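Just query-v6.cif here, mmCIF, C-alpha atoms and all ligand atoms:
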data_query
loop_
_atom_site.label_atom_id
_atom_site.label_comp_id
_atom_site.auth_asym_id
_atom_site.auth_seq_id
_atom_site.Cartn_x
_atom_site.Cartn_y
_atom_site.Cartn_z
CA MET A 131 35.53 13.03 -5.32
CA THR A 132 36.23 9.44 -6.28
CA HIS A 133 34.24 7.67 -8.90
CA SER A 134 32.35 5.56 -6.35
CA THR A 135 31.36 8.49 -4.14
CA LEU A 136 30.10 10.31 -7.21
CA ALA A 137 28.03 7.25 -8.12
CA GLN A 138 26.73 7.08 -4.55
CA THR A 139 25.85 10.76 -4.57
CA LEU A 140 24.05 10.38 -7.88
CA SER A 141 22.06 7.39 -6.75
CA ALA A 142 21.14 9.14 -3.50
CA LEU A 143 19.98 12.12 -5.55
CA ALA A 144 17.95 9.81 -7.79
CA LEU A 145 16.27 8.34 -4.70
CA VAL A 146 15.34 11.78 -3.40
CA LEU A 147 13.96 12.75 -6.80
CA THR A 148 11.93 9.54 -7.11
CA ALA A 149 10.55 10.06 -3.61
CA SER A 150 9.46 13.62 -4.31
CA VAL A 151 7.89 12.64 -7.63
CA ALA A 152 5.97 9.88 -5.82
CA CYS A 153 4.87 12.45 -3.21
CA ALA A 154 3.66 14.89 -5.86
CA GLN A 155 1.74 12.07 -7.55
CA GLN A 156 0.08 11.16 -4.25
CA ASP A 157 -0.90 14.78 -3.71
CA ALA A 158 -2.40 14.90 -7.20
CA VAL A 159 -4.37 11.69 -6.55
CA ALA A 160 -5.64 13.11 -3.23
CA GLU A 161 -6.69 16.39 -4.84
CA GLN A 162 -8.44 14.62 -7.69
CA SER A 163 -10.19 12.16 -5.36
CA LYS A 164 -11.39 14.96 -3.07
CA LYS A 165 -12.82 16.80 -6.08
CA ILE A 166 -14.64 13.69 -7.32
CA ALA A 167 -15.99 12.97 -3.82
CA ALA A 168 -17.16 16.56 -3.36
CA GLY A 169 -18.86 16.52 -6.75
CA ALA A 170 -20.62 13.24 -5.92
CA GLY A 171 -21.91 14.57 -2.58
CA CYS A 172 -19.95 12.12 -0.41
CA PHE A 173 -19.12 14.86 2.11
CA THR A 174 -22.79 15.36 2.95
CA CYS A 175 -22.37 12.28 5.14
CA HIS A 176 -18.62 11.67 5.46
CA THR A 177 -15.58 13.50 6.73
CA ILE A 178 -12.04 12.54 5.85
CA SER A 179 -10.59 12.70 9.34
CA HIS A 180 -11.95 10.97 12.37
CA GLN A 181 -13.78 13.35 14.67
CA ASP A 182 -14.75 12.55 18.22
CA SER A 183 -18.48 12.82 18.69
CA LYS A 184 -19.75 16.11 20.04
CA ASP A 185 -22.75 15.92 22.42
CA GLY A 186 -22.87 12.16 21.84
CA LYS A 187 -23.83 12.76 18.20
CA LEU A 188 -22.24 10.44 15.69
CA PRO A 189 -21.68 11.33 12.02
CA VAL A 190 -24.04 9.84 9.42
CA GLY A 191 -21.24 7.97 7.65
CA PRO A 192 -17.95 6.78 9.13
CA ALA A 193 -14.91 9.04 8.72
CA TRP A 194 -12.78 7.78 5.86
CA GLN A 195 -9.72 7.44 8.11
CA ASP A 196 -11.78 4.96 10.14
CA VAL A 197 -12.79 3.13 6.96
CA ALA A 198 -9.09 2.91 5.99
CA ALA A 199 -8.11 1.54 9.40
CA GLN A 200 -10.86 -1.08 9.24
CA TYR A 201 -10.29 -2.29 5.67
CA ARG A 202 -6.68 -1.50 4.71
CA ASP A 203 -5.33 -5.01 5.31
CA LYS A 204 -8.36 -6.94 4.12
CA PRO A 205 -7.88 -8.74 0.78
CA GLY A 206 -10.38 -7.60 -1.84
CA ALA A 207 -11.35 -4.53 0.20
CA ALA A 208 -11.06 -2.10 -2.72
CA GLU A 209 -13.42 -4.09 -4.96
CA PHE A 210 -15.84 -4.77 -2.09
CA LEU A 211 -15.99 -1.09 -1.11
CA THR A 212 -16.37 0.04 -4.73
CA ARG A 213 -19.49 -2.14 -4.95
CA VAL A 214 -20.78 -0.79 -1.62
CA VAL A 215 -20.28 2.79 -2.80
CA LEU A 216 -22.14 2.12 -6.07
CA GLU A 217 -24.90 -0.14 -4.77
CA GLY A 218 -25.28 0.95 -1.15
CA SER A 219 -24.50 -0.98 2.01
CA ASN A 220 -26.35 -3.91 3.49
CA PRO A 221 -29.00 -2.35 5.76
CA TYR A 222 -28.94 -5.36 8.09
CA ALA A 223 -25.22 -5.16 8.81
CA SER A 224 -24.31 -1.86 10.44
CA HIS A 225 -20.73 -2.26 11.46
CA TRP A 226 -20.12 1.35 12.42
CA LYS A 227 -22.35 1.54 15.48
CA SER A 228 -19.76 3.19 17.74
CA LYS A 229 -18.30 5.46 15.04
CA ALA A 230 -21.31 6.44 12.93
CA ALA A 231 -25.06 6.63 13.23
CA GLY A 232 -25.47 2.96 12.27
CA ILE A 233 -27.68 3.42 9.23
CA ALA A 234 -27.05 2.01 5.76
CA MET A 235 -25.49 3.98 2.93
CA PRO A 236 -27.82 4.55 -0.01
CA PRO A 237 -26.52 3.64 -3.50
CA ASN A 238 -24.39 6.35 -5.13
CA ALA A 239 -24.32 4.99 -8.68
CA VAL A 240 -26.40 7.93 -9.93
CA ALA A 241 -23.79 10.36 -8.61
CA ILE A 242 -20.50 8.65 -9.42
CA SER A 243 -19.13 6.42 -12.19
CA GLU A 244 -17.63 3.05 -11.41
CA SER A 245 -14.11 4.16 -12.32
CA ASP A 246 -14.39 7.31 -10.21
CA ALA A 247 -15.78 5.28 -7.31
CA ARG A 248 -12.82 2.90 -7.56
CA LYS A 249 -10.38 5.82 -7.68
CA VAL A 250 -11.92 7.41 -4.56
CA VAL A 251 -11.97 4.05 -2.74
CA TYR A 252 -8.26 3.42 -3.45
CA TRP A 253 -7.49 6.87 -2.09
CA ILE A 254 -9.70 6.29 1.00
CA LEU A 255 -7.80 3.06 1.71
CA SER A 256 -4.51 4.98 1.58
CA LEU A 257 -5.57 7.44 4.31
CA LYS A 258 -3.67 7.24 7.59
C1 LIG A 301 -26.56 9.85 2.55
C2 LIG A 301 -25.32 9.70 3.27
C3 LIG A 301 -24.11 9.13 2.54
C4 LIG A 301 -23.56 9.55 1.35
C5 LIG A 301 -24.04 10.65 0.42
C6 LIG A 301 -22.39 8.72 1.14
N1 LIG A 301 -22.23 7.84 2.16
FE1 LIG A 301 -20.75 6.45 2.37
N2 LIG A 301 -21.62 5.75 4.05
C7 LIG A 301 -22.78 6.26 4.63
C8 LIG A 301 -23.14 5.43 5.77
C9 LIG A 301 -24.34 5.64 6.68
C10 LIG A 301 -22.16 4.40 5.84
C11 LIG A 301 -22.11 3.22 6.82
C12 LIG A 301 -22.80 2.05 6.16
C13 LIG A 301 -22.89 0.79 6.97
O1 LIG A 301 -22.30 0.70 8.02
O2 LIG A 301 -23.58 -0.13 6.50
C14 LIG A 301 -21.22 4.64 4.74
C15 LIG A 301 -20.13 3.85 4.48
C16 LIG A 301 -19.18 4.10 3.51
C17 LIG A 301 -17.99 3.32 3.29
C18 LIG A 301 -17.61 2.08 4.11
C19 LIG A 301 -18.51 0.93 3.69
C20 LIG A 301 -18.44 -0.27 4.58
O3 LIG A 301 -18.96 -1.33 4.15
O4 LIG A 301 -17.95 -0.23 5.67
C21 LIG A 301 -17.33 3.89 2.24
C22 LIG A 301 -16.02 3.45 1.61
C23 LIG A 301 -18.12 5.01 1.80
N3 LIG A 301 -19.23 5.12 2.58
C24 LIG A 301 -17.77 5.84 0.75
C25 LIG A 301 -18.64 6.79 0.21
C26 LIG A 301 -18.37 7.52 -1.02
C27 LIG A 301 -17.12 7.38 -1.88
C28 LIG A 301 -19.44 8.36 -1.21
C29 LIG A 301 -19.69 9.32 -2.37
C30 LIG A 301 -19.76 8.72 -3.70
C31 LIG A 301 -20.36 8.15 -0.10
N4 LIG A 301 -19.84 7.21 0.72
C32 LIG A 301 -21.55 8.84 0.05
C33 LIG A 301 -23.49 7.37 4.22
C34 LIG A 301 -23.27 8.05 3.04
#
Write the structure described by the file as structure tokens, please.
Amino acid sequence: MTHSTLAQTLSALALVLTASVACAQQDAVAEQSKKIAAGAGCFTCHTISHQDSKDGKLPVGPAWQDVAAQYRDKPGAAEFLTRVVLEGSNPYASHWKSKAAGIAMPPNAVAISESDARKVVYWILSLK
């Protein structure tokens, strides 16, 4: 093996290692966020994955994959959604009519801290 192929092999190996470390970190973030969300009661009204309505019934809150698709590319989305999670949504602006029941979300500040809310929101926005 020449010196340059060895260097190439090593840098390829480093890339693979970095990628798998990043993956493991993402898994850890997902696990932690799910735990926080479960503890705060978010799953009473939300699911993670989009589900087609059965018998024309829509979920209470929008699936978090739908939230991600709607907000992912919007600047300031994470801060906006953190405030919505803590303080509740505007009852006069139901933007989930076709995907959720169309009611407002009550404030969750009694159930979740601001830093946990932000953590969960960042994870929600990463869902595909
Ligand atoms: C009592 C039911 C309920 C609970 C509990 C609940 N949500 Fe919601 N959530 C809703 C509803 C309903 C909406 C849609 C609000 C709207 O369209 O105005 C919503 C919307 C959202 C949105 C999108 C907001 C937007 O402006 O589009 C996010 C993000 C969210 N919820 C996260 C959470 C998190 C995180 C928790 C737990 C801390 C939580 N929700 C707990 C009912 C709930």
Given all atoms listed in the file as the counted atoms, nearest of A:Pro236, A:Val151, A:Leu255, A:Gln138 to Lys204 of chain A: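 Closest candidate: A:Leu255.
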Per-residue nearest contacts chain A to ligand LIG 301 (chain A), cut-off 7 Å, using all atoms listed in the file, as JSON lines:
{"residue": "A:Ala167", "atom": "CA", "partner": "A:LIG301", "partner_atom": "C29", "distance": 5.4}
{"residue": "A:Ala170", "atom": "CA", "partner": "A:LIG301", "partner_atom": "C30", "distance": 5.1}
{"residue": "A:Gly171", "atom": "CA", "partner": "A:LIG301", "partner_atom": "C5", "distance": 5.4}
{"residue": "A:Cys172", "atom": "CA", "partner": "A:LIG301", "partner_atom": "C29", "distance": 3.4}
{"residue": "A:Phe173", "atom": "CA", "partner": "A:LIG301", "partner_atom": "C5", "distance": 6.7}
{"residue": "A:Thr174", "atom": "CA", "partner": "A:LIG301", "partner_atom": "C5", "distance": 5.5}
{"residue": "A:Cys175", "atom": "CA", "partner": "A:LIG301", "partner_atom": "C2", "distance": 4.3}
{"residue": "A:His176", "atom": "CA", "partner": "A:LIG301", "partner_atom": "N1", "distance": 6.2}
{"residue": "A:Val190", "atom": "CA", "partner": "A:LIG301", "partner_atom": "C9", "distance": 5.0}
{"residue": "A:Gly191", "atom": "CA", "partner": "A:LIG301", "partner_atom": "C8", "distance": 3.7}
{"residue": "A:Pro192", "atom": "CA", "partner": "A:LIG301", "partner_atom": "C10", "distance": 5.8}
{"residue": "A:Trp194", "atom": "CA", "partner": "A:LIG301", "partner_atom": "C22", "distance": 6.9}
{"residue": "A:Val197", "atom": "CA", "partner": "A:LIG301", "partner_atom": "C18", "distance": 5.7}
{"residue": "A:Leu211", "atom": "CA", "partner": "A:LIG301", "partner_atom": "C22", "distance": 5.3}
{"residue": "A:Val214", "atom": "CA", "partner": "A:LIG301", "partner_atom": "C19", "distance": 6.0}
{"residue": "A:Val215", "atom": "CA", "partner": "A:LIG301", "partner_atom": "C25", "distance": 5.3}
{"residue": "A:Ser219", "atom": "CA", "partner": "A:LIG301", "partner_atom": "O2", "distance": 4.7}
{"residue": "A:Asn220", "atom": "CA", "partner": "A:LIG301", "partner_atom": "O2", "distance": 5.6}
{"residue": "A:Pro221", "atom": "CA", "partner": "A:LIG301", "partner_atom": "O2", "distance": 5.9}
{"residue": "A:Ala223", "atom": "CA", "partner": "A:LIG301", "partner_atom": "O2", "distance": 5.8}
{"residue": "A:Ser224", "atom": "CA", "partner": "A:LIG301", "partner_atom": "O1", "distance": 4.1}
{"residue": "A:His225", "atom": "CA", "partner": "A:LIG301", "partner_atom": "O1", "distance": 4.8}
{"residue": "A:Trp226", "atom": "CA", "partner": "A:LIG301", "partner_atom": "O1", "distance": 5.0}
{"residue": "A:Ala230", "atom": "CA", "partner": "A:LIG301", "partner_atom": "C11", "distance": 7.0}
{"residue": "A:Ala231", "atom": "CA", "partner": "A:LIG301", "partner_atom": "C9", "distance": 6.7}
{"residue": "A:Gly232", "atom": "CA", "partner": "A:LIG301", "partner_atom": "O1", "distance": 5.8}
{"residue": "A:Ile233", "atom": "CA", "partner": "A:LIG301", "partner_atom": "C9", "distance": 4.8}
{"residue": "A:Ala234", "atom": "CA", "partner": "A:LIG301", "partner_atom": "O2", "distance": 4.1}
{"residue": "A:Met235", "atom": "CA", "partner": "A:LIG301", "partner_atom": "C7", "distance": 3.9}
{"residue": "A:Pro236", "atom": "CA", "partner": "A:LIG301", "partner_atom": "C1", "distance": 6.0}
{"residue": "A:Asn238", "atom": "CA", "partner": "A:LIG301", "partner_atom": "C30", "distance": 5.4}
{"residue": "A:Ala241", "atom": "CA", "partner": "A:LIG301", "partner_atom": "C30", "distance": 6.6}
{"residue": "A:Ile242", "atom": "CA", "partner": "A:LIG301", "partner_atom": "C30", "distance": 5.8}
{"residue": "A:Ala247", "atom": "CA", "partner": "A:LIG301", "partner_atom": "C27", "distance": 6.0}
{"residue": "A:Val250", "atom": "CA", "partner": "A:LIG301", "partner_atom": "C27", "distance": 5.9}
{"residue": "A:Val251", "atom": "CA", "partner": "A:LIG301", "partner_atom": "C22", "distance": 6.0}
{"residue": "A:Ile254", "atom": "CA", "partner": "A:LIG301", "partner_atom": "C22", "distance": 7.0}
File dump, residues just selected, C-alpha atoms, as a PDB file, in the frame of the given file:
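Written out: selection.pdb:
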ATOM      1  CA  ALA A 167     -15.990  12.970  -3.820  1.00  0.00           C
ATOM      2  CA  ALA A 170     -20.620  13.240  -5.920  1.00  0.00           C
ATOM      3  CA  GLY A 171     -21.910  14.570  -2.580  1.00  0.00           C
ATOM      4  CA  CYS A 172     -19.950  12.120  -0.410  1.00  0.00           C
ATOM      5  CA  PHE A 173     -19.120  14.860   2.110  1.00  0.00           C
ATOM      6  CA  THR A 174     -22.790  15.360   2.950  1.00  0.00           C
ATOM      7  CA  CYS A 175     -22.370  12.280   5.140  1.00  0.00           C
ATOM      8  CA  HIS A 176     -18.620  11.670   5.460  1.00  0.00           C
ATOM      9  CA  VAL A 190     -24.040   9.840   9.420  1.00  0.00           C
ATOM     10  CA  GLY A 191     -21.240   7.970   7.650  1.00  0.00           C
ATOM     11  CA  PRO A 192     -17.950   6.780   9.130  1.00  0.00           C
ATOM     12  CA  TRP A 194     -12.780   7.780   5.860  1.00  0.00           C
ATOM     13  CA  VAL A 197     -12.790   3.130   6.960  1.00  0.00           C
ATOM     14  CA  LEU A 211     -15.990  -1.090  -1.110  1.00  0.00           C
ATOM     15  CA  VAL A 214     -20.780  -0.790  -1.620  1.00  0.00           C
ATOM     16  CA  VAL A 215     -20.280   2.790  -2.800  1.00  0.00           C
ATOM     17  CA  SER A 219     -24.500  -0.980   2.010  1.00  0.00           C
ATOM     18  CA  ASN A 220     -26.350  -3.910   3.490  1.00  0.00           C
ATOM     19  CA  PRO A 221     -29.000  -2.350   5.760  1.00  0.00           C
ATOM     20  CA  ALA A 223     -25.220  -5.160   8.810  1.00  0.00           C
ATOM     21  CA  SER A 224     -24.310  -1.860  10.440  1.00  0.00           C
ATOM     22  CA  HIS A 225     -20.730  -2.260  11.460  1.00  0.00           C
ATOM     23  CA  TRP A 226     -20.120   1.350  12.420  1.00  0.00           C
ATOM     24  CA  ALA A 230     -21.310   6.440  12.930  1.00  0.00           C
ATOM     25  CA  ALA A 231     -25.060   6.630  13.230  1.00  0.00           C
ATOM     26  CA  GLY A 232     -25.470   2.960  12.270  1.00  0.00           C
ATOM     27  CA  ILE A 233     -27.680   3.420   9.230  1.00  0.00           C
ATOM     28  CA  ALA A 234     -27.050   2.010   5.760  1.00  0.00           C
ATOM     29  CA  MET A 235     -25.490   3.980   2.930  1.00  0.00           C
ATOM     30  CA  PRO A 236     -27.820   4.550  -0.010  1.00  0.00           C
ATOM     31  CA  ASN A 238     -24.390   6.350  -5.130  1.00  0.00           C
ATOM     32  CA  ALA A 241     -23.790  10.360  -8.610  1.00  0.00           C
ATOM     33  CA  ILE A 242     -20.500   8.650  -9.420  1.00  0.00           C
ATOM     34  CA  ALA A 247     -15.780   5.280  -7.310  1.00  0.00           C
ATOM     35  CA  VAL A 250     -11.920   7.410  -4.560  1.00  0.00           C
ATOM     36  CA  VAL A 251     -11.970   4.050  -2.740  1.00  0.00           C
ATOM     37  CA  ILE A 254      -9.700   6.290   1.000  1.00  0.00           C
TER      38      ILE A 254
END
Expected axis-aligned box over every listed atom of segment 168-187 of chain A, 8 Å added per side, centre plus edges in Å to one decimal, as JSON:
{"center_x": -17.2, "center_y": 13.8, "center_z": 7.8, "size_x": 29.2, "size_y": 21.6, "size_z": 45.2}
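The shell of residues at most 10 Å from Arg202 of chain A, with all atoms listed in the file counted and near chain neighbours (fewer than 2 positions) removed, consists of Asp196, Val197, Ala198, Ala199, Gln200, Lys204, Pro205, Gly206, Ala207, Ala208, Tyr252, Ile254, Leu255, Ser256, Leu257 and Lys258 of chain A.
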Write to file, as a PDB file, keeping the file's coordinate frame, the residues of the selection just made, with C-alpha atoms.
ATOM      1  CA  ASP A 196     -11.780   4.960  10.140  1.00  0.00           C
ATOM      2  CA  VAL A 197     -12.790   3.130   6.960  1.00  0.00           C
ATOM      3  CA  ALA A 198      -9.090   2.910   5.990  1.00  0.00           C
ATOM      4  CA  ALA A 199      -8.110   1.540   9.400  1.00  0.00           C
ATOM      5  CA  GLN A 200     -10.860  -1.080   9.240  1.00  0.00           C
ATOM      6  CA  LYS A 204      -8.360  -6.940   4.120  1.00  0.00           C
ATOM      7  CA  PRO A 205      -7.880  -8.740   0.780  1.00  0.00           C
ATOM      8  CA  GLY A 206     -10.380  -7.600  -1.840  1.00  0.00           C
ATOM      9  CA  ALA A 207     -11.350  -4.530   0.200  1.00  0.00           C
ATOM     10  CA  ALA A 208     -11.060  -2.100  -2.720  1.00  0.00           C
ATOM     11  CA  TYR A 252      -8.260   3.420  -3.450  1.00  0.00           C
ATOM     12  CA  ILE A 254      -9.700   6.290   1.000  1.00  0.00           C
ATOM     13  CA  LEU A 255      -7.800   3.060   1.710  1.00  0.00           C
ATOM     14  CA  SER A 256      -4.510   4.980   1.580  1.00  0.00           C
ATOM     15  CA  LEU A 257      -5.570   7.440   4.310  1.00  0.00           C
ATOM     16  CA  LYS A 258      -3.670   7.240   7.590  1.00  0.00           C
TER      17      LYS A 258
END
Shortest interatomic distance to Lys227 of chain A - which of A:Lys187, A:His133, A:Lys164, A:Arg248, counting all atoms listed in the file: A:Lys187
Between atom CA of Ala193 of chain A and atom CA of Ile166 of chain A - distance in Å to one decimal: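 Atom CA of Ala193 of chain A lies 16.7 Å from atom CA of Ile166 of chain A.
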Between atom CA of Arg213 of chain A and atom CA of Gln156 of chain A - distance in Å to one decimal: 23.7 Å
Selected residue, from A:Ser150, A:Ser163, A:Gln181, A:Ser134, that lies nearest to Ser245 of chain A when counting all atoms listed in the file: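 Residue with the minimum atom-to-atom distance to Ser245 of chain A: A:Ser163.
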Proximity to Gly186 of chain A - best of A:Glu217, A:Asp203, A:Lys229, A:Gly169, only C-alpha atoms: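 Nearest candidate to Gly186 of chain A out of A:Glu217, A:Asp203, A:Lys229, A:Gly169: A:Lys229.
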Length of the atom CA of Phe210 of chain A to atom CA of Tyr222 of chain A vector [Å]: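 Distance reported for this atom pair: 16.6 Å.
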